[in-house]
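Engineer: My structure is stored as start37.cif, with mmCIF, C-alpha atoms.
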```cif
data_data
loop_
_atom_site.label_atom_id
_atom_site.label_comp_id
_atom_site.auth_asym_id
_atom_site.auth_seq_id
_atom_site.Cartn_x
_atom_site.Cartn_y
_atom_site.Cartn_z
CA MET F 140 -137.42 -53.86 -42.96
CA THR F 141 -135.90 -52.04 -40.06
CA ASP F 142 -137.52 -51.04 -36.82
CA SER F 143 -138.56 -47.41 -36.69
CA PRO F 144 -136.42 -45.38 -34.30
CA PRO F 145 -137.77 -45.14 -30.78
CA GLN F 146 -139.95 -42.11 -30.12
CA TRP F 147 -137.91 -40.98 -27.15
CA LEU F 148 -135.01 -40.22 -29.49
CA ASP F 149 -137.23 -37.94 -31.55
CA ARG F 150 -138.05 -35.92 -28.44
CA VAL F 151 -134.44 -34.74 -28.35
CA ARG F 152 -133.86 -31.47 -30.19
CA TRP F 153 -130.70 -32.36 -32.09
CA ASN F 154 -128.70 -29.36 -33.27
CA SER F 155 -127.84 -28.65 -36.91
CA ASP F 156 -124.91 -31.10 -36.64
CA GLY F 157 -127.21 -33.80 -35.27
CA LEU F 158 -125.71 -33.51 -31.80
CA VAL F 159 -126.92 -32.75 -28.28
CA PRO F 160 -124.78 -31.49 -25.38
CA VAL F 161 -124.56 -33.96 -22.49
CA ILE F 162 -123.60 -33.13 -18.91
CA ALA F 163 -122.15 -35.93 -16.77
CA GLN F 164 -122.67 -35.59 -13.02
CA ASP F 165 -121.23 -37.87 -10.35
CA CYS F 166 -124.22 -39.70 -8.89
CA HIS F 167 -122.60 -39.93 -5.45
CA THR F 168 -120.96 -36.53 -4.92
CA GLY F 169 -123.03 -34.37 -7.27
CA ASP F 170 -119.87 -33.01 -8.88
CA VAL F 171 -120.32 -31.96 -12.48
CA LEU F 172 -117.60 -33.98 -14.19
CA MET F 173 -117.67 -32.96 -17.85
CA MET F 174 -119.75 -31.84 -20.81
CA ALA F 175 -119.53 -33.64 -24.13
CA TRP F 176 -121.70 -34.37 -27.15
CA MET F 177 -123.80 -37.27 -28.42
CA ASN F 178 -125.45 -38.07 -31.72
CA ARG F 179 -128.46 -40.39 -32.02
CA GLU F 180 -126.31 -43.50 -32.14
CA ALA F 181 -124.27 -42.46 -29.11
CA LEU F 182 -127.35 -41.74 -27.01
CA THR F 183 -128.96 -45.00 -28.13
CA LEU F 184 -125.84 -46.95 -27.15
CA THR F 185 -125.61 -45.08 -23.85
CA ALA F 186 -129.16 -46.11 -23.02
CA THR F 187 -128.81 -49.72 -24.13
CA GLU F 188 -125.30 -50.41 -22.83
CA GLY F 189 -125.67 -48.43 -19.60
CA ARG F 190 -122.34 -46.71 -20.10
CA ALA F 191 -121.59 -43.27 -21.51
CA VAL F 192 -120.84 -43.30 -25.23
CA TYR F 193 -120.12 -39.84 -26.66
CA TRP F 194 -119.53 -38.49 -30.13
CA SER F 195 -116.01 -37.14 -30.36
CA ARG F 196 -116.18 -34.04 -32.53
CA SER F 197 -112.38 -33.84 -32.77
CA ARG F 198 -111.97 -37.47 -33.81
CA GLY F 199 -115.22 -37.72 -35.76
CA ARG F 200 -116.23 -41.03 -34.24
CA LEU F 201 -118.04 -42.67 -31.35
CA TRP F 202 -116.11 -42.51 -28.12
CA ARG F 203 -116.87 -45.06 -25.43
CA LYS F 204 -115.70 -43.05 -22.45
CA GLY F 205 -112.88 -45.00 -20.82
CA GLU F 206 -112.21 -47.25 -23.81
CA ASP F 207 -108.49 -46.57 -23.48
CA SER F 208 -108.11 -45.10 -20.01
CA GLY F 209 -110.47 -47.41 -18.14
CA HIS F 210 -112.23 -44.28 -16.83
CA ALA F 211 -115.64 -45.46 -17.98
CA GLN F 212 -118.92 -43.99 -16.78
CA ALA F 213 -121.68 -46.36 -15.70
CA VAL F 214 -124.95 -44.54 -16.33
CA ARG F 215 -127.51 -44.55 -13.52
CA ASP F 216 -129.96 -41.96 -14.84
CA ILE F 217 -130.65 -40.12 -18.10
CA ARG F 218 -132.53 -36.82 -18.00
CA LEU F 219 -133.75 -34.44 -20.71
CA ASP F 220 -134.34 -30.75 -20.08
CA CYS F 221 -137.54 -28.79 -20.58
CA ASP F 222 -136.90 -27.81 -24.18
CA GLY F 223 -135.26 -31.09 -25.10
CA ASP F 224 -131.90 -29.72 -26.16
CA THR F 225 -129.65 -30.84 -23.29
CA VAL F 226 -129.13 -34.24 -21.62
CA LEU F 227 -127.97 -34.83 -18.04
CA LEU F 228 -126.43 -38.14 -16.97
CA GLN F 229 -125.92 -39.41 -13.45
CA VAL F 230 -122.84 -41.60 -13.61
CA GLU F 231 -120.54 -43.73 -11.53
CA GLN F 232 -117.11 -42.56 -12.60
CA ALA F 233 -114.58 -45.42 -12.76
CA GLY F 234 -111.28 -44.51 -11.14
CA GLY F 235 -112.75 -41.27 -9.86
CA ILE F 236 -111.21 -39.46 -12.84
CA ALA F 237 -113.29 -37.97 -15.65
CA CYS F 238 -110.83 -35.48 -17.14
CA HIS F 239 -108.12 -36.26 -19.67
CA THR F 240 -105.77 -34.15 -17.53
CA GLY F 241 -106.02 -36.77 -14.76
CA ARG F 242 -108.31 -34.67 -12.60
CA ARG F 243 -111.59 -35.72 -11.08
CA SER F 244 -113.63 -33.14 -13.03
CA CYS F 245 -112.94 -31.13 -16.17
CA PHE F 246 -114.09 -27.96 -14.36
CA TYR F 247 -110.91 -27.29 -12.40
CA GLN F 248 -110.28 -23.68 -13.47
CA ARG F 249 -111.92 -21.09 -11.24
CA LEU F 250 -112.29 -17.41 -12.13
CA SER F 251 -110.53 -15.49 -9.40
CA ALA F 252 -109.46 -11.82 -9.59
CA GLY F 253 -109.66 -11.87 -13.38
CA GLU F 254 -107.63 -15.05 -13.84
CA TRP F 255 -108.47 -18.72 -14.31
CA GLU F 256 -106.92 -20.35 -11.29
CA THR F 257 -106.37 -24.11 -11.20
CA VAL F 258 -108.10 -25.38 -8.08
CA ALA F 259 -108.04 -29.18 -8.35
CA PRO F 260 -105.09 -31.56 -8.25
CA VAL F 261 -103.97 -34.03 -10.90
CA LEU F 262 -104.76 -37.44 -9.43
CA LYS F 263 -103.07 -39.50 -12.12
CA ASP F 264 -100.38 -38.67 -14.66
CA PRO F 265 -102.20 -38.14 -17.96
CA ALA F 266 -99.21 -39.59 -19.82
CA THR F 267 -100.29 -42.97 -18.49
CA PHE F 268 -103.75 -43.03 -20.07
CA TYR F 269 -105.97 -41.47 -22.73
CA GLY F 270 -109.60 -40.32 -22.36
CA MET M 69 -109.40 4.63 -26.46
CA THR M 70 -111.02 1.55 -25.00
CA ASP M 71 -109.54 -0.94 -22.60
CA SER M 72 -108.43 -4.17 -24.23
CA PRO M 73 -110.68 -7.09 -23.31
CA PRO M 74 -109.52 -9.05 -20.30
CA GLN M 75 -107.33 -12.04 -21.07
CA TRP M 76 -109.55 -14.46 -19.17
CA LEU M 77 -112.29 -13.94 -21.77
CA ASP M 78 -109.89 -14.96 -24.53
CA ARG M 79 -109.23 -18.24 -22.75
CA VAL M 80 -112.83 -19.27 -23.50
CA ARG M 81 -113.21 -21.18 -26.75
CA TRP M 82 -116.26 -19.44 -28.17
CA ASN M 83 -118.12 -21.44 -30.80
CA SER M 84 -118.72 -20.27 -34.36
CA ASP M 85 -121.70 -18.21 -33.14
CA GLY M 86 -119.56 -16.55 -30.47
CA LEU M 87 -121.28 -18.49 -27.69
CA VAL M 88 -120.29 -20.88 -24.93
CA PRO M 89 -122.61 -23.36 -23.16
CA VAL M 90 -123.06 -22.62 -19.46
CA ILE M 91 -124.25 -25.07 -16.82
CA ALA M 92 -125.88 -23.65 -13.69
CA GLN M 93 -125.62 -25.78 -10.57
CA ASP M 94 -127.29 -25.07 -7.22
CA CYS M 95 -124.43 -24.24 -4.85
CA HIS M 96 -126.29 -25.71 -1.86
CA THR M 97 -127.89 -28.90 -3.17
CA GLY M 98 -125.63 -29.68 -6.13
CA ASP M 99 -128.65 -30.01 -8.41
CA VAL M 100 -127.96 -29.18 -12.03
CA LEU M 101 -130.57 -26.52 -12.71
CA MET M 102 -130.23 -25.63 -16.39
CA MET M 103 -127.94 -25.19 -19.35
CA ALA M 104 -127.97 -22.00 -21.39
CA TRP M 105 -125.60 -19.91 -23.51
CA MET M 106 -123.48 -16.82 -23.05
CA ASN M 107 -121.61 -14.54 -25.42
CA ARG M 108 -118.64 -12.42 -24.36
CA GLU M 109 -120.84 -9.61 -23.09
CA ALA M 110 -123.05 -11.97 -21.09
CA LEU M 111 -120.10 -13.66 -19.41
CA THR M 112 -118.49 -10.30 -18.68
CA LEU M 113 -121.70 -9.03 -17.09
CA THR M 114 -122.13 -12.27 -15.15
CA ALA M 115 -118.65 -11.83 -13.68
CA THR M 116 -118.99 -8.14 -12.91
CA GLU M 117 -122.60 -8.12 -11.68
CA GLY M 118 -122.41 -11.42 -9.80
CA ARG M 119 -125.66 -12.63 -11.30
CA ALA M 120 -126.26 -14.92 -14.27
CA VAL M 121 -126.75 -13.07 -17.55
CA TYR M 122 -127.31 -15.36 -20.51
CA TRP M 123 -127.63 -14.83 -24.23
CA SER M 124 -131.11 -15.84 -25.33
CA ARG M 125 -130.73 -17.50 -28.73
CA SER M 126 -134.49 -17.49 -29.29
CA ARG M 127 -134.90 -13.80 -28.44
CA GLY M 128 -131.53 -12.70 -29.80
CA ARG M 129 -130.70 -10.56 -26.79
CA LEU M 130 -129.11 -10.58 -23.36
CA TRP M 131 -131.26 -12.26 -20.77
CA ARG M 132 -130.72 -11.37 -17.13
CA LYS M 133 -132.05 -14.54 -15.58
CA GLY M 134 -135.02 -13.59 -13.41
CA GLU M 135 -135.52 -10.15 -14.96
CA ASP M 136 -139.25 -10.83 -15.26
CA SER M 137 -139.83 -13.81 -12.97
CA GLY M 138 -137.66 -12.75 -10.07
CA HIS M 139 -135.94 -16.15 -10.33
CA ALA M 140 -132.48 -14.63 -10.53
CA GLN M 141 -129.26 -16.55 -9.99
CA ALA M 142 -126.62 -15.07 -7.70
CA VAL M 143 -123.29 -16.41 -8.91
CA ARG M 144 -120.92 -17.82 -6.29
CA ASP M 145 -118.34 -19.48 -8.54
CA ILE M 146 -117.40 -19.50 -12.23
CA ARG M 147 -115.46 -22.44 -13.62
CA LEU M 148 -114.04 -23.23 -17.05
CA ASP M 149 -113.42 -26.76 -18.26
CA CYS M 150 -110.15 -28.30 -19.43
CA ASP M 151 -110.54 -27.39 -23.09
CA GLY M 152 -112.17 -24.04 -22.41
CA ASP M 153 -115.42 -24.66 -24.22
CA THR M 154 -117.88 -25.03 -21.32
CA VAL M 155 -118.57 -22.88 -18.26
CA LEU M 156 -119.98 -24.09 -14.94
CA LEU M 157 -121.65 -21.70 -12.50
CA GLN M 158 -122.42 -22.30 -8.85
CA VAL M 159 -125.52 -20.25 -8.12
CA GLU M 160 -128.01 -19.36 -5.43
CA GLN M 161 -131.34 -19.80 -7.18
CA ALA M 162 -133.89 -17.20 -6.09
CA GLY M 163 -137.28 -18.72 -5.37
CA GLY M 164 -135.83 -22.21 -5.73
CA ILE M 165 -137.14 -22.29 -9.30
CA ALA M 166 -134.84 -22.24 -12.33
CA CYS M 167 -137.15 -23.65 -15.01
CA HIS M 168 -139.70 -21.68 -17.01
CA THR M 169 -142.16 -24.53 -16.34
CA GLY M 170 -142.13 -23.60 -12.64
CA ARG M 171 -139.96 -26.54 -11.63
CA ARG M 172 -136.80 -26.42 -9.56
CA SER M 173 -134.61 -27.77 -12.39
CA CYS M 174 -135.04 -27.96 -16.15
CA PHE M 175 -133.96 -31.62 -16.05
CA TYR M 176 -137.24 -33.12 -14.90
CA GLN M 177 -137.74 -35.74 -17.62
CA ARG M 178 -136.21 -39.13 -16.83
CA LEU M 179 -135.71 -41.89 -19.39
CA SER M 180 -137.64 -44.88 -18.09
CA ALA M 181 -138.61 -47.95 -20.12
CA GLY M 182 -138.17 -46.08 -23.37
CA GLU M 183 -140.21 -43.02 -22.37
CA TRP M 184 -139.41 -39.63 -20.92
CA GLU M 185 -141.20 -39.66 -17.60
CA THR M 186 -141.81 -36.39 -15.71
CA VAL M 187 -140.31 -36.85 -12.26
CA ALA M 188 -140.43 -33.40 -10.65
CA PRO M 189 -143.41 -31.31 -9.60
CA VAL M 190 -144.40 -27.85 -10.76
CA LEU M 191 -143.76 -25.60 -7.77
CA LYS M 192 -145.30 -22.45 -9.21
CA ASP M 193 -147.82 -21.88 -12.00
CA PRO M 194 -145.74 -20.76 -15.01
CA ALA M 195 -148.65 -18.55 -16.11
CA THR M 196 -147.73 -16.27 -13.22
CA PHE M 197 -144.17 -15.49 -14.33
CA TYR M 198 -141.76 -15.61 -17.25
CA GLY M 199 -138.17 -16.94 -17.25
#
```
Written as structure tokens, that's how I'd like the structure from this file.

Structural biologist:
Amino acid sequence: MTDSPPQWLDRVRWNSDGLVPVIAQDCHTGDVLMMAWMNREALTLTATEGRAVYWSRSRGRLWRKGEDSGHAQAVRDIRLDCDGDTVLLQVEQAGGIACHTGRRSCFYQRLSAGEWETVAPVLKDPATFYG
Amino acid sequence: MTDSPPQWLDRVRWNSDGLVPVIAQDCHTGDVLMMAWMNREALTLTATEGRAVYWSRSRGRLWRKGEDSGHAQAVRDIRLDCDGDTVLLQVEQAGGIACHTGRRSCFYQRLSAGEWETVAPVLKDPATFYG
């Protein structure tokens, strides 16, 4: 016999691929760092391990954020939105770098005069790490 | 003849439904207010009108945030993430209420001891407005 899955997981409205979008926000600065996806296993592991574990759609496997780069995210808070289809994490971002480009946040392109302008510096050469 | 669509719109990686997830963040407090979806028309209108216009998946139509409730979002900044598949808005939230439940933010349920605990108050009776 196996334990039945916890009820809180059933409150999440998983999409047709069994995934939910997850926003990671820096718990100190409030910066929105990234958006990624989790399946049930990833969200369960995130809650139990206290670190962000995503589902990589491109690689088709669990992705412990920082597993290669060291840029892990310690999870301080897990929120669910009103209709249960989006999760918000408050995280401590190791190394101060969430983006695979070596920037603090993935949201470094700003719409300005009809162009996406890069407005944040690369803090670390992305050739030296992955994810 | 019609104008060709602006290049910046083609930089967005629209999903198979022609949509992109959009995070709205309060430009003053940094609070993440909500996540919703836009299609090309909605994002174009958001950029040109300077107010958040989403695509309502449930209603199957454009949704000018606040059109009924008055809880509009004036857009101060539009960002795109590294892989082009998520948009982040900085907004001024009219009425200080983004959520249809009458709360400031949609993310008012916090995972605590295996339960989603409601941690933010209703500021306005949702029976008195919509969206």

Engineer: Nearest residue to Thr196 of chain M out of M:His168, M:Arg129, M:Arg178, M:Arg79, using all atoms listed in the file?

Structural biologist: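 Closest to Thr196 of chain M, using all atoms listed in the file: M:His168.
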
Engineer: Residues of chain M were defined as contacting chain F if any atom lay at most 7 Å from it, counting only C-alpha atoms; please report them as a list in words.

Structural biologist: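 Interface list for chain M against chain F: Trp76, Gly98, Ile146, Arg147, Leu148, Asp149, Cys150, Cys174, Phe175, Tyr176, Gln177, Arg178, Leu179, Gly182, Glu183 and Trp184 of chain M.
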
Engineer: For Glu117 of chain M, find every residue with an atom within 10 Å (counting only C-alpha atoms), except residues of its own chain fewer than 4 positions away, and show them as a count of residues only.

Structural biologist: 6

Engineer: Matching every Cα in sequence order between the two identical chains, what are the coordinates of chain M once fitted onto chain F? Write them as a compact mmCIF listing (two decimals) with C-alpha atoms, in the frame of the given file.

Structural biologist:
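Full text of out-v5.txt as output:
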```txt
# COMPACT_ATOMS: atom_id res chain seq x y z
CA MET M 69 -137.23 -54.04 -42.84
CA THR M 70 -135.77 -52.10 -39.95
CA ASP M 71 -137.46 -51.07 -36.75
CA SER M 72 -138.51 -47.44 -36.66
CA PRO M 73 -136.38 -45.38 -34.28
CA PRO M 74 -137.78 -45.13 -30.78
CA GLN M 75 -139.96 -42.10 -30.14
CA TRP M 76 -137.92 -40.96 -27.15
CA LEU M 77 -135.00 -40.19 -29.48
CA ASP M 78 -137.22 -37.91 -31.54
CA ARG M 79 -138.06 -35.91 -28.43
CA VAL M 80 -134.44 -34.71 -28.33
CA ARG M 81 -133.87 -31.46 -30.20
CA TRP M 82 -130.70 -32.34 -32.08
CA ASN M 83 -128.70 -29.34 -33.26
CA SER M 84 -127.84 -28.63 -36.88
CA ASP M 85 -124.91 -31.08 -36.63
CA GLY M 86 -127.20 -33.79 -35.27
CA LEU M 87 -125.71 -33.49 -31.78
CA VAL M 88 -126.93 -32.74 -28.28
CA PRO M 89 -124.78 -31.49 -25.37
CA VAL M 90 -124.57 -33.95 -22.48
CA ILE M 91 -123.61 -33.13 -18.91
CA ALA M 92 -122.17 -35.93 -16.77
CA GLN M 93 -122.68 -35.59 -13.03
CA ASP M 94 -121.23 -37.88 -10.35
CA CYS M 95 -124.23 -39.71 -8.90
CA HIS M 96 -122.61 -39.93 -5.45
CA THR M 97 -120.98 -36.54 -4.92
CA GLY M 98 -123.04 -34.37 -7.26
CA ASP M 99 -119.88 -33.02 -8.88
CA VAL M 100 -120.31 -31.96 -12.48
CA LEU M 101 -117.61 -33.99 -14.19
CA MET M 102 -117.68 -32.96 -17.85
CA MET M 103 -119.75 -31.85 -20.80
CA ALA M 104 -119.53 -33.64 -24.13
CA TRP M 105 -121.71 -34.38 -27.16
CA MET M 106 -123.80 -37.26 -28.41
CA ASN M 107 -125.46 -38.05 -31.72
CA ARG M 108 -128.46 -40.37 -32.04
CA GLU M 109 -126.31 -43.48 -32.16
CA ALA M 110 -124.28 -42.44 -29.11
CA LEU M 111 -127.37 -41.74 -27.03
CA THR M 112 -128.96 -44.99 -28.15
CA LEU M 113 -125.85 -46.94 -27.17
CA THR M 114 -125.61 -45.07 -23.87
CA ALA M 115 -129.17 -46.11 -23.04
CA THR M 116 -128.82 -49.71 -24.15
CA GLU M 117 -125.30 -50.39 -22.85
CA GLY M 118 -125.68 -48.43 -19.61
CA ARG M 119 -122.36 -46.70 -20.10
CA ALA M 120 -121.60 -43.26 -21.52
CA VAL M 121 -120.85 -43.28 -25.24
CA TYR M 122 -120.13 -39.85 -26.66
CA TRP M 123 -119.55 -38.49 -30.13
CA SER M 124 -116.02 -37.14 -30.36
CA ARG M 125 -116.19 -34.02 -32.52
CA SER M 126 -112.40 -33.82 -32.76
CA ARG M 127 -111.99 -37.46 -33.80
CA GLY M 128 -115.24 -37.70 -35.75
CA ARG M 129 -116.23 -41.02 -34.24
CA LEU M 130 -118.05 -42.65 -31.35
CA TRP M 131 -116.12 -42.49 -28.13
CA ARG M 132 -116.89 -45.04 -25.44
CA LYS M 133 -115.72 -43.06 -22.45
CA GLY M 134 -112.89 -45.00 -20.83
CA GLU M 135 -112.23 -47.25 -23.82
CA ASP M 136 -108.50 -46.58 -23.50
CA SER M 137 -108.13 -45.11 -20.01
CA GLY M 138 -110.47 -47.42 -18.15
CA HIS M 139 -112.23 -44.30 -16.83
CA ALA M 140 -115.64 -45.46 -17.99
CA GLN M 141 -118.93 -43.99 -16.80
CA ALA M 142 -121.69 -46.35 -15.71
CA VAL M 143 -124.95 -44.53 -16.34
CA ARG M 144 -127.52 -44.54 -13.53
CA ASP M 145 -129.97 -41.95 -14.85
CA ILE M 146 -130.65 -40.11 -18.11
CA ARG M 147 -132.55 -36.83 -18.01
CA LEU M 148 -133.74 -34.44 -20.71
CA ASP M 149 -134.34 -30.75 -20.07
CA CYS M 150 -137.55 -28.78 -20.56
CA ASP M 151 -136.89 -27.79 -24.16
CA GLY M 152 -135.25 -31.07 -25.10
CA ASP M 153 -131.90 -29.71 -26.15
CA THR M 154 -129.65 -30.85 -23.28
CA VAL M 155 -129.13 -34.23 -21.62
CA LEU M 156 -127.98 -34.83 -18.05
CA LEU M 157 -126.44 -38.13 -16.98
CA GLN M 158 -125.93 -39.41 -13.46
CA VAL M 159 -122.85 -41.61 -13.62
CA GLU M 160 -120.53 -43.75 -11.54
CA GLN M 161 -117.10 -42.57 -12.62
CA ALA M 162 -114.59 -45.42 -12.77
CA GLY M 163 -111.28 -44.51 -11.17
CA GLY M 164 -112.76 -41.26 -9.88
CA ILE M 165 -111.21 -39.47 -12.85
CA ALA M 166 -113.30 -37.99 -15.67
CA CYS M 167 -110.84 -35.49 -17.15
CA HIS M 168 -108.12 -36.27 -19.68
CA THR M 169 -105.76 -34.16 -17.53
CA GLY M 170 -106.03 -36.78 -14.77
CA ARG M 171 -108.32 -34.67 -12.60
CA ARG M 172 -111.61 -35.73 -11.08
CA SER M 173 -113.62 -33.13 -13.03
CA CYS M 174 -112.94 -31.13 -16.17
CA PHE M 175 -114.09 -27.97 -14.37
CA TYR M 176 -110.92 -27.29 -12.41
CA GLN M 177 -110.28 -23.68 -13.46
CA ARG M 178 -111.92 -21.08 -11.22
CA LEU M 179 -112.29 -17.42 -12.13
CA SER M 180 -110.51 -15.48 -9.40
CA ALA M 181 -109.46 -11.83 -9.60
CA GLY M 182 -109.64 -11.86 -13.37
CA GLU M 183 -107.62 -15.05 -13.86
CA TRP M 184 -108.46 -18.70 -14.31
CA GLU M 185 -106.90 -20.34 -11.29
CA THR M 186 -106.36 -24.12 -11.20
CA VAL M 187 -108.11 -25.38 -8.08
CA ALA M 188 -108.04 -29.18 -8.36
CA PRO M 189 -105.10 -31.57 -8.27
CA VAL M 190 -103.97 -34.04 -10.90
CA LEU M 191 -104.77 -37.45 -9.45
CA LYS M 192 -103.08 -39.52 -12.14
CA ASP M 193 -100.37 -38.70 -14.67
CA PRO M 194 -102.22 -38.16 -17.98
CA ALA M 195 -99.20 -39.61 -19.81
CA THR M 196 -100.28 -42.99 -18.48
CA PHE M 197 -103.74 -43.06 -20.07
CA TYR M 198 -105.94 -41.49 -22.72
CA GLY M 199 -109.55 -40.26 -22.31
```

Engineer: Taking all atoms listed in the file into account, name the residue in M:Asn107, M:Asn83, M:Ser124, M:Ser137 that is nearest to Phe197 of chain M.

Structural biologist: M:Ser137

Engineer: Written as a PDB file with C-alpha atoms, in the coordinates of the input, what is the full residue list that the PyMOL selection byres ((chain F and resi 199) around 12) yields on the file shown?

Structural biologist:
```pdb
ATOM      1  CA  ASP F 156    -124.910 -31.100 -36.640  1.00  0.00           C
ATOM      2  CA  LEU F 158    -125.710 -33.510 -31.800  1.00  0.00           C
ATOM      3  CA  TRP F 176    -121.700 -34.370 -27.150  1.00  0.00           C
ATOM      4  CA  MET F 177    -123.800 -37.270 -28.420  1.00  0.00           C
ATOM      5  CA  ASN F 178    -125.450 -38.070 -31.720  1.00  0.00           C
ATOM      6  CA  TYR F 193    -120.120 -39.840 -26.660  1.00  0.00           C
ATOM      7  CA  TRP F 194    -119.530 -38.490 -30.130  1.00  0.00           C
ATOM      8  CA  SER F 195    -116.010 -37.140 -30.360  1.00  0.00           C
ATOM      9  CA  ARG F 196    -116.180 -34.040 -32.530  1.00  0.00           C
ATOM     10  CA  SER F 197    -112.380 -33.840 -32.770  1.00  0.00           C
ATOM     11  CA  ARG F 198    -111.970 -37.470 -33.810  1.00  0.00           C
ATOM     12  CA  ARG F 200    -116.230 -41.030 -34.240  1.00  0.00           C
ATOM     13  CA  LEU F 201    -118.040 -42.670 -31.350  1.00  0.00           C
ATOM     14  CA  TRP F 202    -116.110 -42.510 -28.120  1.00  0.00           C
TER      15      TRP F 202
END
```

Engineer: What is the distance, in Å and to one decimal place, between atom CA of Val159 of chain F and atom CA of Thr185 of chain F?

Structural biologist: 13.2 Å

Engineer: In Å, how far is it from atom CA of Lys133 of chain M to atom CA of Trp82 of chain M?

Structural biologist: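 So the answer is 20.8 Å.
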
Engineer: Take atom CA of Ala237 of chain F and atom CA of Arg144 of chain M and report the distance between them in Å, one decimal.

Structural biologist: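 Spanning atom CA of Ala237 of chain F to atom CA of Arg144 of chain M is a straight-line distance of 23.5 Å.
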
Engineer: So which one's closest to Val151 of chain F, F:Gly241, F:Asp165, F:Arg179, F:Val230? Using only C-alpha atoms, please.

Structural biologist: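 Distance minimum relative to Val151 of chain F lands on F:Arg179.
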
Engineer: Box along x, y and z, 8 Å on every side, all listed atoms of segment 150-167 of chain F inside: centre and edge lengths in Å to one decimal, as AutoDock Vina command-line options.

Structural biologist:
```
--center_x -129.6 --center_y -34.3 --center_z -21.2 --size_x 32.8 --size_y 27.3 --size_z 47.5
```
